[in-house]
file start.pdb (PDB, C-alpha atoms)
ATOM      1  CA  MET A 404       0.000   0.000   0.000
ATOM      2  CA  LYS A 405       1.295   3.459  -0.926
ATOM      3  CA  ILE A 406      -0.569   6.412   0.582
ATOM      4  CA  HIS A 407       0.767   9.944   0.177
ATOM      5  CA  PRO A 408       1.191  11.725   3.537
ATOM      6  CA  THR A 409      -1.146  14.549   2.469
ATOM      7  CA  ALA A 410      -4.014  12.170   1.678
ATOM      8  CA  ILE A 411      -6.805  11.866   4.248
ATOM      9  CA  VAL A 412      -7.969   8.287   4.631
ATOM     10  CA  ASP A 413     -10.658   7.666   7.225
ATOM     11  CA  PRO A 414      -9.749   4.845   9.642
ATOM     12  CA  GLY A 415     -13.073   3.200   8.773
ATOM     13  CA  ALA A 416     -12.171   2.846   5.084
ATOM     14  CA  LYS A 417     -11.134  -0.596   3.831
ATOM     15  CA  ILE A 418      -8.085  -0.381   1.583
ATOM     16  CA  GLY A 419      -6.821  -3.464  -0.278
ATOM     17  CA  ALA A 420      -3.284  -4.579  -1.039
ATOM     18  CA  ASN A 421      -1.035  -2.671  -3.457
ATOM     19  CA  VAL A 422      -3.324   0.356  -3.549
ATOM     20  CA  GLU A 423      -1.827   3.758  -4.410
ATOM     21  CA  ILE A 424      -3.499   6.902  -3.071
ATOM     22  CA  GLY A 425      -2.079  10.199  -4.308
ATOM     23  CA  PRO A 426      -1.614  13.634  -2.747
ATOM     24  CA  PHE A 427      -4.592  15.430  -1.182
ATOM     25  CA  CYS A 428      -7.047  12.601  -1.805
ATOM     26  CA  LEU A 429     -10.005  12.158   0.511
ATOM     27  CA  ILE A 430     -11.238   8.637   1.282
ATOM     28  CA  GLY A 431     -14.428   8.611   3.355
ATOM     29  CA  PRO A 432     -15.512   6.375   6.228
ATOM     30  CA  GLY A 433     -16.702   2.981   5.072
ATOM     31  CA  ALA A 434     -15.312   3.283   1.548
ATOM     32  CA  VAL A 435     -14.022   0.004   0.095
ATOM     33  CA  ILE A 436     -11.136   0.095  -2.383
ATOM     34  CA  GLY A 437     -10.019  -3.265  -3.761
ATOM     35  CA  ASP A 438      -6.522  -4.571  -4.429
ATOM     36  CA  GLY A 439      -4.327  -2.864  -6.989
ATOM     37  CA  CYS A 440      -6.361   0.328  -7.412
ATOM     38  CA  GLN A 441      -4.657   3.623  -8.190
ATOM     39  CA  ILE A 442      -6.227   6.867  -6.969
ATOM     40  CA  GLN A 443      -4.556   9.997  -8.312
ATOM     41  CA  ALA A 444      -4.175  13.371  -6.598
ATOM     42  CA  HIS A 445      -7.183  15.354  -5.327
ATOM     43  CA  ALA A 446      -9.670  12.562  -5.979
ATOM     44  CA  VAL A 447     -12.560  12.154  -3.525
ATOM     45  CA  ILE A 448     -13.936   8.690  -2.759
ATOM     46  CA  GLU A 449     -16.916   9.011  -0.447
ATOM     47  CA  GLY A 450     -17.873   6.382   2.120
ATOM     48  CA  SER A 451     -20.739   5.216  -0.089
ATOM     49  CA  VAL A 452     -18.327   3.696  -2.628
ATOM     50  CA  ARG A 453     -17.576  -0.020  -3.027
ATOM     51  CA  MET A 454     -14.787  -0.521  -5.563
ATOM     52  CA  GLY A 455     -13.324  -3.785  -6.862
ATOM     53  CA  THR A 456      -9.780  -4.510  -7.985
ATOM     54  CA  GLY A 457      -7.461  -2.884 -10.501
ATOM     55  CA  ASN A 458      -9.371   0.356 -10.963
ATOM     56  CA  PHE A 459      -7.756   3.656 -11.945
ATOM     57  CA  VAL A 460      -9.239   6.947 -10.724
ATOM     58  CA  GLY A 461      -7.805  10.120 -12.265
ATOM     59  CA  TYR A 462      -6.984  13.524 -10.835
ATOM     60  CA  GLY A 463      -9.860  15.367  -9.220
ATOM     61  CA  ALA A 464     -12.520  12.726  -9.781
ATOM     62  CA  ILE A 465     -15.377  12.681  -7.265
ATOM     63  CA  ILE A 466     -17.141   9.369  -6.674
ATOM     64  CA  GLY A 467     -20.054   8.743  -4.329
ATOM     65  CA  ALA A 468     -21.281  12.298  -3.736
ATOM     66  CA  ALA A 469     -24.958  13.001  -3.039
ATOM     67  CA  PRO A 470     -27.243  12.986  -6.105
ATOM     68  CA  GLN A 471     -28.466  16.189  -7.735
ATOM     69  CA  ASP A 472     -32.050  15.511  -6.747
ATOM     70  CA  LEU A 473     -34.075  18.311  -5.137
ATOM     71  CA  GLY A 474     -36.019  15.776  -3.076
ATOM     72  CA  PHE A 475     -32.966  13.888  -1.815
ATOM     73  CA  ASP A 476     -32.639  13.335   1.934
ATOM     74  CA  PRO A 477     -28.949  13.241   2.977
ATOM     75  CA  LYS A 478     -29.848  10.613   5.592
ATOM     76  CA  ILE A 479     -30.612   8.092   2.852
ATOM     77  CA  HIS A 480     -28.139   5.210   2.647
ATOM     78  CA  SER A 481     -27.237   4.524  -0.968
ATOM     79  CA  THR A 482     -24.065   3.508  -2.789
ATOM     80  CA  VAL A 483     -21.852   3.502  -5.844
ATOM     81  CA  GLU A 484     -20.845  -0.039  -6.811
ATOM     82  CA  ILE A 485     -17.809  -0.335  -9.110
ATOM     83  CA  GLY A 486     -16.441  -3.584 -10.517
ATOM     84  CA  ASN A 487     -12.910  -4.407 -11.645
ATOM     85  CA  GLY A 488     -10.432  -2.982 -14.126
ATOM     86  CA  ASN A 489     -12.200   0.314 -14.817
ATOM     87  CA  THR A 490     -10.471   3.508 -15.920
ATOM     88  CA  ILE A 491     -12.139   6.669 -14.608
ATOM     89  CA  ARG A 492     -10.163   9.634 -15.848
ATOM     90  CA  GLU A 493      -9.720  13.186 -14.589
ATOM     91  CA  TYR A 494     -12.630  15.133 -13.087
ATOM     92  CA  CYS A 495     -15.304  12.522 -13.610
ATOM     93  CA  THR A 496     -18.234  12.732 -11.185
ATOM     94  CA  ILE A 497     -20.281   9.696 -10.196
ATOM     95  CA  HIS A 498     -23.222  10.177  -7.814
ATOM     96  CA  ARG A 499     -24.746   7.594  -5.515
ATOM     97  CA  GLY A 500     -28.319   6.325  -5.664
ATOM     98  CA  SER A 501     -31.197   8.631  -4.744
ATOM     99  CA  THR A 502     -33.385   6.174  -2.792
ATOM    100  CA  GLU A 503     -32.753   4.028   0.251
ATOM    101  CA  GLY A 504     -30.557   1.037  -0.570
ATOM    102  CA  SER A 505     -30.196   1.921  -4.256
ATOM    103  CA  ALA A 506     -26.944   2.166  -6.193
ATOM    104  CA  THR A 507     -25.220   3.667  -9.171
ATOM    105  CA  THR A 508     -23.511   0.659 -10.750
ATOM    106  CA  ILE A 509     -20.456   0.305 -12.978
ATOM    107  CA  GLY A 510     -19.380  -3.126 -14.235
ATOM    108  CA  ASP A 511     -15.931  -4.222 -15.376
ATOM    109  CA  GLY A 512     -13.425  -2.881 -17.881
ATOM    110  CA  ASN A 513     -15.136   0.419 -18.644
ATOM    111  CA  PHE A 514     -13.217   3.457 -19.889
ATOM    112  CA  LEU A 515     -14.587   6.853 -18.836
ATOM    113  CA  MET A 516     -12.575   9.669 -20.359
ATOM    114  CA  VAL A 517     -12.108  13.164 -18.903
ATOM    115  CA  GLY A 518     -15.072  14.988 -17.409
ATOM    116  CA  ASN A 519     -17.831  12.402 -17.624
ATOM    117  CA  HIS A 520     -20.817  12.687 -15.279
ATOM    118  CA  LEU A 521     -22.930   9.738 -14.133
ATOM    119  CA  GLY A 522     -26.069  10.821 -12.307
ATOM    120  CA  HIS A 523     -27.805   8.859  -9.573
ATOM    121  CA  ASN A 524     -28.874   5.261 -10.214
ATOM    122  CA  CYS A 525     -27.111   5.001 -13.571
ATOM    123  CA  THR A 526     -25.954   1.582 -14.738
ATOM    124  CA  LEU A 527     -22.963   0.858 -16.961
ATOM    125  CA  GLY A 528     -22.378  -2.674 -18.199
ATOM    126  CA  ASN A 529     -18.930  -3.992 -19.128
ATOM    127  CA  GLY A 530     -16.453  -2.631 -21.653
ATOM    128  CA  VAL A 531     -18.296   0.659 -22.222
ATOM    129  CA  VAL A 532     -16.213   3.523 -23.655
ATOM    130  CA  MET A 533     -17.345   7.085 -22.992
ATOM    131  CA  ALA A 534     -15.353   9.889 -24.622
ATOM    132  CA  ASN A 535     -14.837  13.258 -22.928
ATOM    133  CA  ASP A 536     -17.583  15.293 -21.269
ATOM    134  CA  CYS A 537     -20.550  12.941 -21.586
ATOM    135  CA  LEU A 538     -23.493  13.672 -19.281
ATOM    136  CA  LEU A 539     -25.827  10.961 -17.988
ATOM    137  CA  ALA A 540     -28.948  12.036 -16.101
ATOM    138  CA  GLY A 541     -30.396   9.794 -13.403
ATOM    139  CA  HIS A 542     -31.389   6.175 -14.122
ATOM    140  CA  VAL A 543     -29.643   6.008 -17.505
ATOM    141  CA  ARG A 544     -28.472   2.527 -18.510
ATOM    142  CA  ILE A 545     -25.701   1.814 -21.003
ATOM    143  CA  ASP A 546     -25.208  -1.834 -21.932
ATOM    144  CA  ASP A 547     -22.017  -3.789 -22.650
ATOM    145  CA  ARG A 548     -19.409  -2.498 -25.088
ATOM    146  CA  ALA A 549     -21.303   0.594 -26.137
ATOM    147  CA  PHE A 550     -19.223   3.463 -27.511
ATOM    148  CA  ILE A 551     -20.395   6.957 -26.574
ATOM    149  CA  GLY A 552     -19.028   9.959 -28.451
ATOM    150  CA  GLY A 553     -17.670  13.055 -26.727
ATOM    151  CA  GLY A 554     -20.098  15.620 -25.367
ATOM    152  CA  SER A 555     -23.113  13.306 -25.566
ATOM    153  CA  ARG A 556     -26.111  13.931 -23.291
ATOM    154  CA  PHE A 557     -28.715  11.436 -22.138
ATOM    155  CA  HIS A 558     -32.182  12.146 -20.750
ATOM    156  CA  GLN A 559     -33.088  10.477 -17.470
ATOM    157  CA  GLY A 560     -34.351   6.928 -17.588
ATOM    158  CA  ILE A 561     -33.281   5.988 -21.106
ATOM    159  CA  ARG A 562     -31.209   3.007 -22.198
ATOM    160  CA  MET A 563     -28.468   2.486 -24.768
ATOM    161  CA  GLY A 564     -28.332  -1.128 -25.977
ATOM    162  CA  ARG A 565     -25.371  -3.445 -26.282
ATOM    163  CA  LEU A 566     -22.690  -2.549 -28.837
ATOM    164  CA  VAL A 567     -24.274   0.717 -29.917
ATOM    165  CA  MET A 568     -22.287   3.664 -31.193
ATOM    166  CA  ALA A 569     -23.972   6.908 -30.149
ATOM    167  CA  GLU A 570     -23.141  10.601 -30.225
ATOM    168  CA  GLY A 571     -25.148  13.711 -29.362
ATOM    169  CA  ARG A 572     -28.271  14.349 -27.296
ATOM    170  CA  PHE A 573     -30.700  11.478 -26.730
ATOM    171  CA  THR A 574     -34.182  11.451 -25.212
ATOM    172  CA  GLN A 575     -35.200   7.945 -26.354
ATOM    173  CA  ASN A 576     -33.857   4.404 -26.132
ATOM    174  CA  LEU A 577     -31.383   3.096 -28.717
ATOM    175  CA  PRO A 578     -31.710  -0.621 -29.612
ATOM    176  CA  PRO A 579     -28.561  -2.781 -29.550
ATOM    177  CA  PHE A 580     -26.033  -2.951 -32.394
ATOM    178  CA  LEU A 581     -27.068   0.355 -34.015
ATOM    179  CA  SER A 582     -25.277   3.616 -34.789
ATOM    180  CA  ALA A 583     -27.040   6.872 -34.004
ATOM    181  CA  ALA A 584     -26.474  10.590 -33.580
ATOM    182  CA  LYS A 585     -28.633  13.344 -32.134
ATOM    183  CA  ASN A 586     -31.598  11.099 -31.385
ATOM    184  CA  GLU A 587     -31.695   9.541 -34.861
ATOM    185  CA  VAL A 588     -30.568   6.113 -36.072
ATOM    186  CA  TYR A 589     -28.281   6.041 -39.108
ATOM    187  CA  GLY A 590     -27.367   2.374 -39.452
ATOM    188  CA  PHE A 591     -25.740  -0.478 -37.566
ATOM    189  CA  ASN A 592     -22.421  -0.632 -35.748
ATOM    190  CA  VAL A 593     -20.564  -2.979 -38.101
ATOM    191  CA  LEU A 594     -17.139  -2.180 -36.627
ATOM    192  CA  GLY A 595     -18.342  -2.836 -33.090
ATOM    193  CA  MET A 596     -19.914  -6.140 -34.078
ATOM    194  CA  ARG A 597     -16.723  -7.262 -35.828
ATOM    195  CA  ARG A 598     -14.669  -6.371 -32.765
ATOM    196  CA  ALA A 599     -17.122  -8.423 -30.715
ATOM    197  CA  ASN A 600     -16.489 -11.383 -33.056
ATOM    198  CA  PHE A 601     -19.980 -11.495 -34.514
ATOM    199  CA  THR A 602     -20.155 -13.913 -37.417
ATOM    200  CA  GLY A 603     -21.244 -12.794 -40.856
ATOM    201  CA  ALA A 604     -24.570 -14.534 -40.275
ATOM    202  CA  GLU A 605     -25.095 -12.654 -37.002
ATOM    203  CA  ARG A 606     -24.313  -9.317 -38.657
ATOM    204  CA  ASP A 607     -26.759 -10.164 -41.431
ATOM    205  CA  GLU A 608     -29.393 -10.912 -38.797
ATOM    206  CA  VAL A 609     -28.886  -7.477 -37.249
ATOM    207  CA  LYS A 610     -29.228  -5.922 -40.706
ATOM    208  CA  ARG A 611     -32.441  -7.859 -41.328
ATOM    209  CA  ALA A 612     -33.862  -6.828 -37.936
ATOM    210  CA  PHE A 613     -32.916  -3.211 -38.605
ATOM    211  CA  LYS A 614     -34.675  -3.205 -41.971
ATOM    212  CA  LEU A 615     -37.806  -4.778 -40.532
ATOM    213  CA  LEU A 616     -38.037  -2.221 -37.739
ATOM    214  CA  TYR A 617     -36.987   0.916 -39.577
ATOM    215  CA  ARG A 618     -37.400   0.429 -43.326
ATOM    216  CA  SER A 619     -40.300  -1.955 -43.887
ATOM    217  CA  GLY A 620     -43.014   0.686 -43.663
ATOM    218  CA  LEU A 621     -44.485  -1.064 -40.613
ATOM    219  CA  ASN A 622     -45.048   0.694 -37.314
ATOM    220  CA  THR A 623     -43.266  -0.599 -34.212
ATOM    221  CA  LYS A 624     -46.155  -2.804 -33.076
ATOM    222  CA  GLN A 625     -46.497  -4.376 -36.509
ATOM    223  CA  ALA A 626     -42.744  -4.963 -36.776
ATOM    224  CA  LEU A 627     -42.726  -6.678 -33.374
ATOM    225  CA  GLU A 628     -45.601  -8.911 -34.427
ATOM    226  CA  LYS A 629     -43.857  -9.888 -37.651
ATOM    227  CA  ALA A 630     -40.580 -10.525 -35.814
ATOM    228  CA  ALA A 631     -42.406 -12.872 -33.428
ATOM    229  CA  ASP A 632     -43.754 -14.933 -36.347
ATOM    230  CA  PRO A 633     -41.743 -18.201 -36.617
ATOM    231  CA  VAL A 634     -41.511 -17.586 -40.360
ATOM    232  CA  SER A 635     -39.194 -14.657 -39.648
ATOM    233  CA  GLU A 636     -36.655 -17.083 -38.160
ATOM    234  CA  PHE A 637     -34.799 -14.654 -35.947
ATOM    235  CA  GLY A 638     -32.145 -16.246 -33.735
ATOM    236  CA  PRO A 639     -30.774 -15.040 -30.362
ATOM    237  CA  ILE A 640     -29.337 -11.824 -31.820
ATOM    238  CA  GLY A 641     -32.603 -10.833 -33.485
ATOM    239  CA  ARG A 642     -34.589 -11.741 -30.386
ATOM    240  CA  GLU A 643     -32.271  -9.579 -28.265
ATOM    241  CA  PHE A 644     -32.882  -6.690 -30.650
ATOM    242  CA  PHE A 645     -36.669  -7.003 -30.643
ATOM    243  CA  ASP A 646     -36.911  -7.768 -26.904
ATOM    244  CA  PHE A 647     -35.204  -4.430 -26.331
ATOM    245  CA  VAL A 648     -37.720  -2.676 -28.589
ATOM    246  CA  ALA A 649     -40.672  -4.409 -26.927
ATOM    247  CA  ASN A 650     -39.507  -3.247 -23.499
ATOM    248  CA  ALA A 651     -38.580   0.312 -24.446
ATOM    249  CA  GLY A 652     -41.367   1.752 -22.286
ATOM    250  CA  LYS A 653     -43.044   5.111 -22.628
ATOM    251  CA  ARG A 654     -39.979   6.848 -24.077
ATOM    252  CA  GLY A 655     -39.908   4.497 -27.037
ATOM    253  CA  ILE A 656     -36.993   4.071 -29.420
ATOM    254  CA  VAL A 657     -34.870   6.453 -31.433
ATOM    255  CA  ALA A 658     -36.326   7.255 -34.868
ATOM    256  CA  TYR A 659     -34.813   6.594 -38.269
ATOM    257  CA  GLY A 660     -32.644   9.491 -39.465
ATOM    258  CA  SER A 661     -33.198  11.380 -42.699
ATOM    259  CA  GLY A 662     -29.559  10.783 -43.690
ATOM    260  CA  ALA A 663     -29.517   7.097 -42.757
ATOM    261  CA  VAL A 664     -27.998   4.293 -44.775
ATOM    262  CA  LYS A 665     -30.075   3.158 -47.772
ATOM    263  CA  ASP A 666     -28.594  -0.270 -48.527
TER     264      ASP A 666
END
call {"tool": "encode", "arguments": {"input": "start.pdb", "output": "structure tokens"}}
result
Amino acid sequence: MKIHPTAIVDPGAKIGANVEIGPFCLIGPGAVIGDGCQIQAHAVIEGSVRMGTGNFVGYGAIIGAAPQDLGFDPKIHSTVEIGNGNTIREYCTIHRGSTEGSATTIGDGNFLMVGNHLGHNCTLGNGVVMANDCLLAGHVRIDDRAFIGGGSRFHQGIRMGRLVMAEGRFTQNLPPFLSAAKNEVYGFNVLGMRRANFTGAERDEVKRAFKLLYRSGLNTKQALEKAADPVSEFGPIGREFFDFVANAGKRGIVAYGSGAVKD
């Protein structure tokens, strides 16, 4: 363990082996920091944080602060739960849950670049990449291996599906495997699917699901009904896509963009 003499580490914090804590850090009572984590100078880790192993926290990051919720009672016990192998770069802010016993949750192997904000009760899956200055309102969910472009903004309660590539401001849910900007879908994330080792047949299935939902002339309900027909022969990838759409809730899904792909 390597703790700089200017850091303030509460005696009630639980610090694992081979942890480095830099100058002027503040580690709150009850915080849990797993083995091999590195916390750079001026970072604040509140007592509400439970962090796994091998995480990197950059300069000035603040994790576990109270949510920006006008109705929040500071007496509420909530947490930030962070998995293993995450990189959280400079000046990121991650707020704890807003209701009793709730959590903001980050999985494993995520890469949050400079200045990202995760509001209360957000959920990140595994392998998510968020470029600089992205803003997530409360209860936003981003699924595994999504790529989020710099400066993107997400309305509370929406969800970004697995392996999406998204940039801009979003107020609706984005189904998995698609590419979108500014609340409009423009195609499918071929590069992301290849990196995830999707077969050619699986990529073709995504393309077929995309065309049925967005380019068949059917409304969402009709597309879901046709996708459920055994004749459509969608496998696990197609079912994942349409299950997402079916459970999109009142916010619905992102619309097809005017400049979208035509093939």
call {"tool": "resolve_selection", "arguments": {"input": "start.pdb", "expression": "the PyMOL selection byres ((chain A and resi 451-467) around 9)", "output": "ChimeraX atom specification"}}
result
/A:419,422,425,428,431-450,468-470,480-500,507,511-512,517-518
call {"tool": "resolve_selection", "arguments": {"input": "start.pdb", "expression": "the PyMOL selection byres ((chain A and resi 618) around 12)", "output": "PDB file with C-alpha atoms, in the coordinates of the input"}}
result
ATOM      1  CA  VAL A 588     -30.568   6.113 -36.072  1.00  0.00           C
ATOM      2  CA  TYR A 589     -28.281   6.041 -39.108  1.00  0.00           C
ATOM      3  CA  GLY A 590     -27.367   2.374 -39.452  1.00  0.00           C
ATOM      4  CA  LYS A 610     -29.228  -5.922 -40.706  1.00  0.00           C
ATOM      5  CA  ARG A 611     -32.441  -7.859 -41.328  1.00  0.00           C
ATOM      6  CA  ALA A 612     -33.862  -6.828 -37.936  1.00  0.00           C
ATOM      7  CA  PHE A 613     -32.916  -3.211 -38.605  1.00  0.00           C
ATOM      8  CA  LYS A 614     -34.675  -3.205 -41.971  1.00  0.00           C
ATOM      9  CA  LEU A 615     -37.806  -4.778 -40.532  1.00  0.00           C
ATOM     10  CA  LEU A 616     -38.037  -2.221 -37.739  1.00  0.00           C
ATOM     11  CA  TYR A 617     -36.987   0.916 -39.577  1.00  0.00           C
ATOM     12  CA  SER A 619     -40.300  -1.955 -43.887  1.00  0.00           C
ATOM     13  CA  GLY A 620     -43.014   0.686 -43.663  1.00  0.00           C
ATOM     14  CA  LEU A 621     -44.485  -1.064 -40.613  1.00  0.00           C
ATOM     15  CA  ASN A 622     -45.048   0.694 -37.314  1.00  0.00           C
ATOM     16  CA  THR A 623     -43.266  -0.599 -34.212  1.00  0.00           C
ATOM     17  CA  ALA A 626     -42.744  -4.963 -36.776  1.00  0.00           C
ATOM     18  CA  ALA A 658     -36.326   7.255 -34.868  1.00  0.00           C
ATOM     19  CA  TYR A 659     -34.813   6.594 -38.269  1.00  0.00           C
ATOM     20  CA  GLY A 660     -32.644   9.491 -39.465  1.00  0.00           C
ATOM     21  CA  SER A 661     -33.198  11.380 -42.699  1.00  0.00           C
ATOM     22  CA  ALA A 663     -29.517   7.097 -42.757  1.00  0.00           C
ATOM     23  CA  VAL A 664     -27.998   4.293 -44.775  1.00  0.00           C
ATOM     24  CA  LYS A 665     -30.075   3.158 -47.772  1.00  0.00           C
ATOM     25  CA  ASP A 666     -28.594  -0.270 -48.527  1.00  0.00           C
TER      26      ASP A 666
END
call {"tool": "residues_around", "arguments": {"input": "start.pdb", "residues": "Val609 of chain A", "least_positions_apart": "4", "cutoff": "7 Å", "atoms": "all atoms listed in the file", "output": "PyMOL selection string"}}
result
chain A and resi 605+613+640-641
call {"tool": "write_last_selection", "arguments": {"input": "start.pdb", "atoms": "C-alpha atoms", "output": "PDB file, in the frame of the given file"}}
result
ATOM      1  CA  GLU A 605     -25.095 -12.654 -37.002  1.00  0.00           C
ATOM      2  CA  PHE A 613     -32.916  -3.211 -38.605  1.00  0.00           C
ATOM      3  CA  ILE A 640     -29.337 -11.824 -31.820  1.00  0.00           C
ATOM      4  CA  GLY A 641     -32.603 -10.833 -33.485  1.00  0.00           C
TER       5      GLY A 641
END
call {"tool": "resolve_selection", "arguments": {"input": "start.pdb", "expression": "the PyMOL selection byres ((chain A and resi 583) around 12)", "output": "number ranges by chain"}}
result
A: 549-552, 555, 563-564, 566-573, 575-582, 584-592, 656-664
call {"tool": "write_last_selection", "arguments": {"input": "start.pdb", "atoms": "C-alpha atoms", "output": "PDB file, in the frame of the given file"}}
result
ATOM      1  CA  ALA A 549     -21.303   0.594 -26.137  1.00  0.00           C
ATOM      2  CA  PHE A 550     -19.223   3.463 -27.511  1.00  0.00           C
ATOM      3  CA  ILE A 551     -20.395   6.957 -26.574  1.00  0.00           C
ATOM      4  CA  GLY A 552     -19.028   9.959 -28.451  1.00  0.00           C
ATOM      5  CA  SER A 555     -23.113  13.306 -25.566  1.00  0.00           C
ATOM      6  CA  MET A 563     -28.468   2.486 -24.768  1.00  0.00           C
ATOM      7  CA  GLY A 564     -28.332  -1.128 -25.977  1.00  0.00           C
ATOM      8  CA  LEU A 566     -22.690  -2.549 -28.837  1.00  0.00           C
ATOM      9  CA  VAL A 567     -24.274   0.717 -29.917  1.00  0.00           C
ATOM     10  CA  MET A 568     -22.287   3.664 -31.193  1.00  0.00           C
ATOM     11  CA  ALA A 569     -23.972   6.908 -30.149  1.00  0.00           C
ATOM     12  CA  GLU A 570     -23.141  10.601 -30.225  1.00  0.00           C
ATOM     13  CA  GLY A 571     -25.148  13.711 -29.362  1.00  0.00           C
ATOM     14  CA  ARG A 572     -28.271  14.349 -27.296  1.00  0.00           C
ATOM     15  CA  PHE A 573     -30.700  11.478 -26.730  1.00  0.00           C
ATOM     16  CA  GLN A 575     -35.200   7.945 -26.354  1.00  0.00           C
ATOM     17  CA  ASN A 576     -33.857   4.404 -26.132  1.00  0.00           C
ATOM     18  CA  LEU A 577     -31.383   3.096 -28.717  1.00  0.00           C
ATOM     19  CA  PRO A 578     -31.710  -0.621 -29.612  1.00  0.00           C
ATOM     20  CA  PRO A 579     -28.561  -2.781 -29.550  1.00  0.00           C
ATOM     21  CA  PHE A 580     -26.033  -2.951 -32.394  1.00  0.00           C
ATOM     22  CA  LEU A 581     -27.068   0.355 -34.015  1.00  0.00           C
ATOM     23  CA  SER A 582     -25.277   3.616 -34.789  1.00  0.00           C
ATOM     24  CA  ALA A 584     -26.474  10.590 -33.580  1.00  0.00           C
ATOM     25  CA  LYS A 585     -28.633  13.344 -32.134  1.00  0.00           C
ATOM     26  CA  ASN A 586     -31.598  11.099 -31.385  1.00  0.00           C
ATOM     27  CA  GLU A 587     -31.695   9.541 -34.861  1.00  0.00           C
ATOM     28  CA  VAL A 588     -30.568   6.113 -36.072  1.00  0.00           C
ATOM     29  CA  TYR A 589     -28.281   6.041 -39.108  1.00  0.00           C
ATOM     30  CA  GLY A 590     -27.367   2.374 -39.452  1.00  0.00           C
ATOM     31  CA  PHE A 591     -25.740  -0.478 -37.566  1.00  0.00           C
ATOM     32  CA  ASN A 592     -22.421  -0.632 -35.748  1.00  0.00           C
ATOM     33  CA  ILE A 656     -36.993   4.071 -29.420  1.00  0.00           C
ATOM     34  CA  VAL A 657     -34.870   6.453 -31.433  1.00  0.00           C
ATOM     35  CA  ALA A 658     -36.326   7.255 -34.868  1.00  0.00           C
ATOM     36  CA  TYR A 659     -34.813   6.594 -38.269  1.00  0.00           C
ATOM     37  CA  GLY A 660     -32.644   9.491 -39.465  1.00  0.00           C
ATOM     38  CA  SER A 661     -33.198  11.380 -42.699  1.00  0.00           C
ATOM     39  CA  GLY A 662     -29.559  10.783 -43.690  1.00  0.00           C
ATOM     40  CA  ALA A 663     -29.517   7.097 -42.757  1.00  0.00           C
ATOM     41  CA  VAL A 664     -27.998   4.293 -44.775  1.00  0.00           C
TER      42      VAL A 664
END
call {"tool": "residues_around", "arguments": {"input": "start.pdb", "residues": "Val543 of chain A", "least_positions_apart": "4", "cutoff": "9 Å", "atoms": "all atoms listed in the file", "output": "list in words"}}
result
Leu521, Gly522, His523, Asn524, Cys525, Thr526, Leu527, Leu539, Phe557, His558, Gln559, Gly560, Ile561, Arg562 and Met563 of chain A
call {"tool": "write_last_selection", "arguments": {"input": "start.pdb", "atoms": "C-alpha atoms", "output": "PDB file, in the coordinates of the input"}}
result
ATOM      1  CA  LEU A 521     -22.930   9.738 -14.133  1.00  0.00           C
ATOM      2  CA  GLY A 522     -26.069  10.821 -12.307  1.00  0.00           C
ATOM      3  CA  HIS A 523     -27.805   8.859  -9.573  1.00  0.00           C
ATOM      4  CA  ASN A 524     -28.874   5.261 -10.214  1.00  0.00           C
ATOM      5  CA  CYS A 525     -27.111   5.001 -13.571  1.00  0.00           C
ATOM      6  CA  THR A 526     -25.954   1.582 -14.738  1.00  0.00           C
ATOM      7  CA  LEU A 527     -22.963   0.858 -16.961  1.00  0.00           C
ATOM      8  CA  LEU A 539     -25.827  10.961 -17.988  1.00  0.00           C
ATOM      9  CA  PHE A 557     -28.715  11.436 -22.138  1.00  0.00           C
ATOM     10  CA  HIS A 558     -32.182  12.146 -20.750  1.00  0.00           C
ATOM     11  CA  GLN A 559     -33.088  10.477 -17.470  1.00  0.00           C
ATOM     12  CA  GLY A 560     -34.351   6.928 -17.588  1.00  0.00           C
ATOM     13  CA  ILE A 561     -33.281   5.988 -21.106  1.00  0.00           C
ATOM     14  CA  ARG A 562     -31.209   3.007 -22.198  1.00  0.00           C
ATOM     15  CA  MET A 563     -28.468   2.486 -24.768  1.00  0.00           C
TER      16      MET A 563
END
call {"tool": "atom_distance", "arguments": {"input": "start.pdb", "atom1": "atom CA of Arg556 of chain A", "atom2": "atom CA of Lys653 of chain A"}}
result
19.1 Å
call {"tool": "atom_distance", "arguments": {"input": "start.pdb", "atom1": "atom CA of Thr508 of chain A", "atom2": "atom CA of Lys417 of chain A"}}
result
19.2 Å
call {"tool": "atom_distance", "arguments": {"input": "start.pdb", "atom1": "atom CA of Phe637 of chain A", "atom2": "atom CA of Arg597 of chain A"}}
result
19.5 Å
call {"tool": "axis_aligned_box", "arguments": {"input": "start.pdb", "around": "segment 453-464 of chain A", "padding_each_side": "3 Å", "output": "lines of an AutoDock Vina configuration file"}}
result
center_x = -12.3
center_y = 5.4
center_z = -7.6
size_x = 16.6
size_y = 25.9
size_z = 15.2
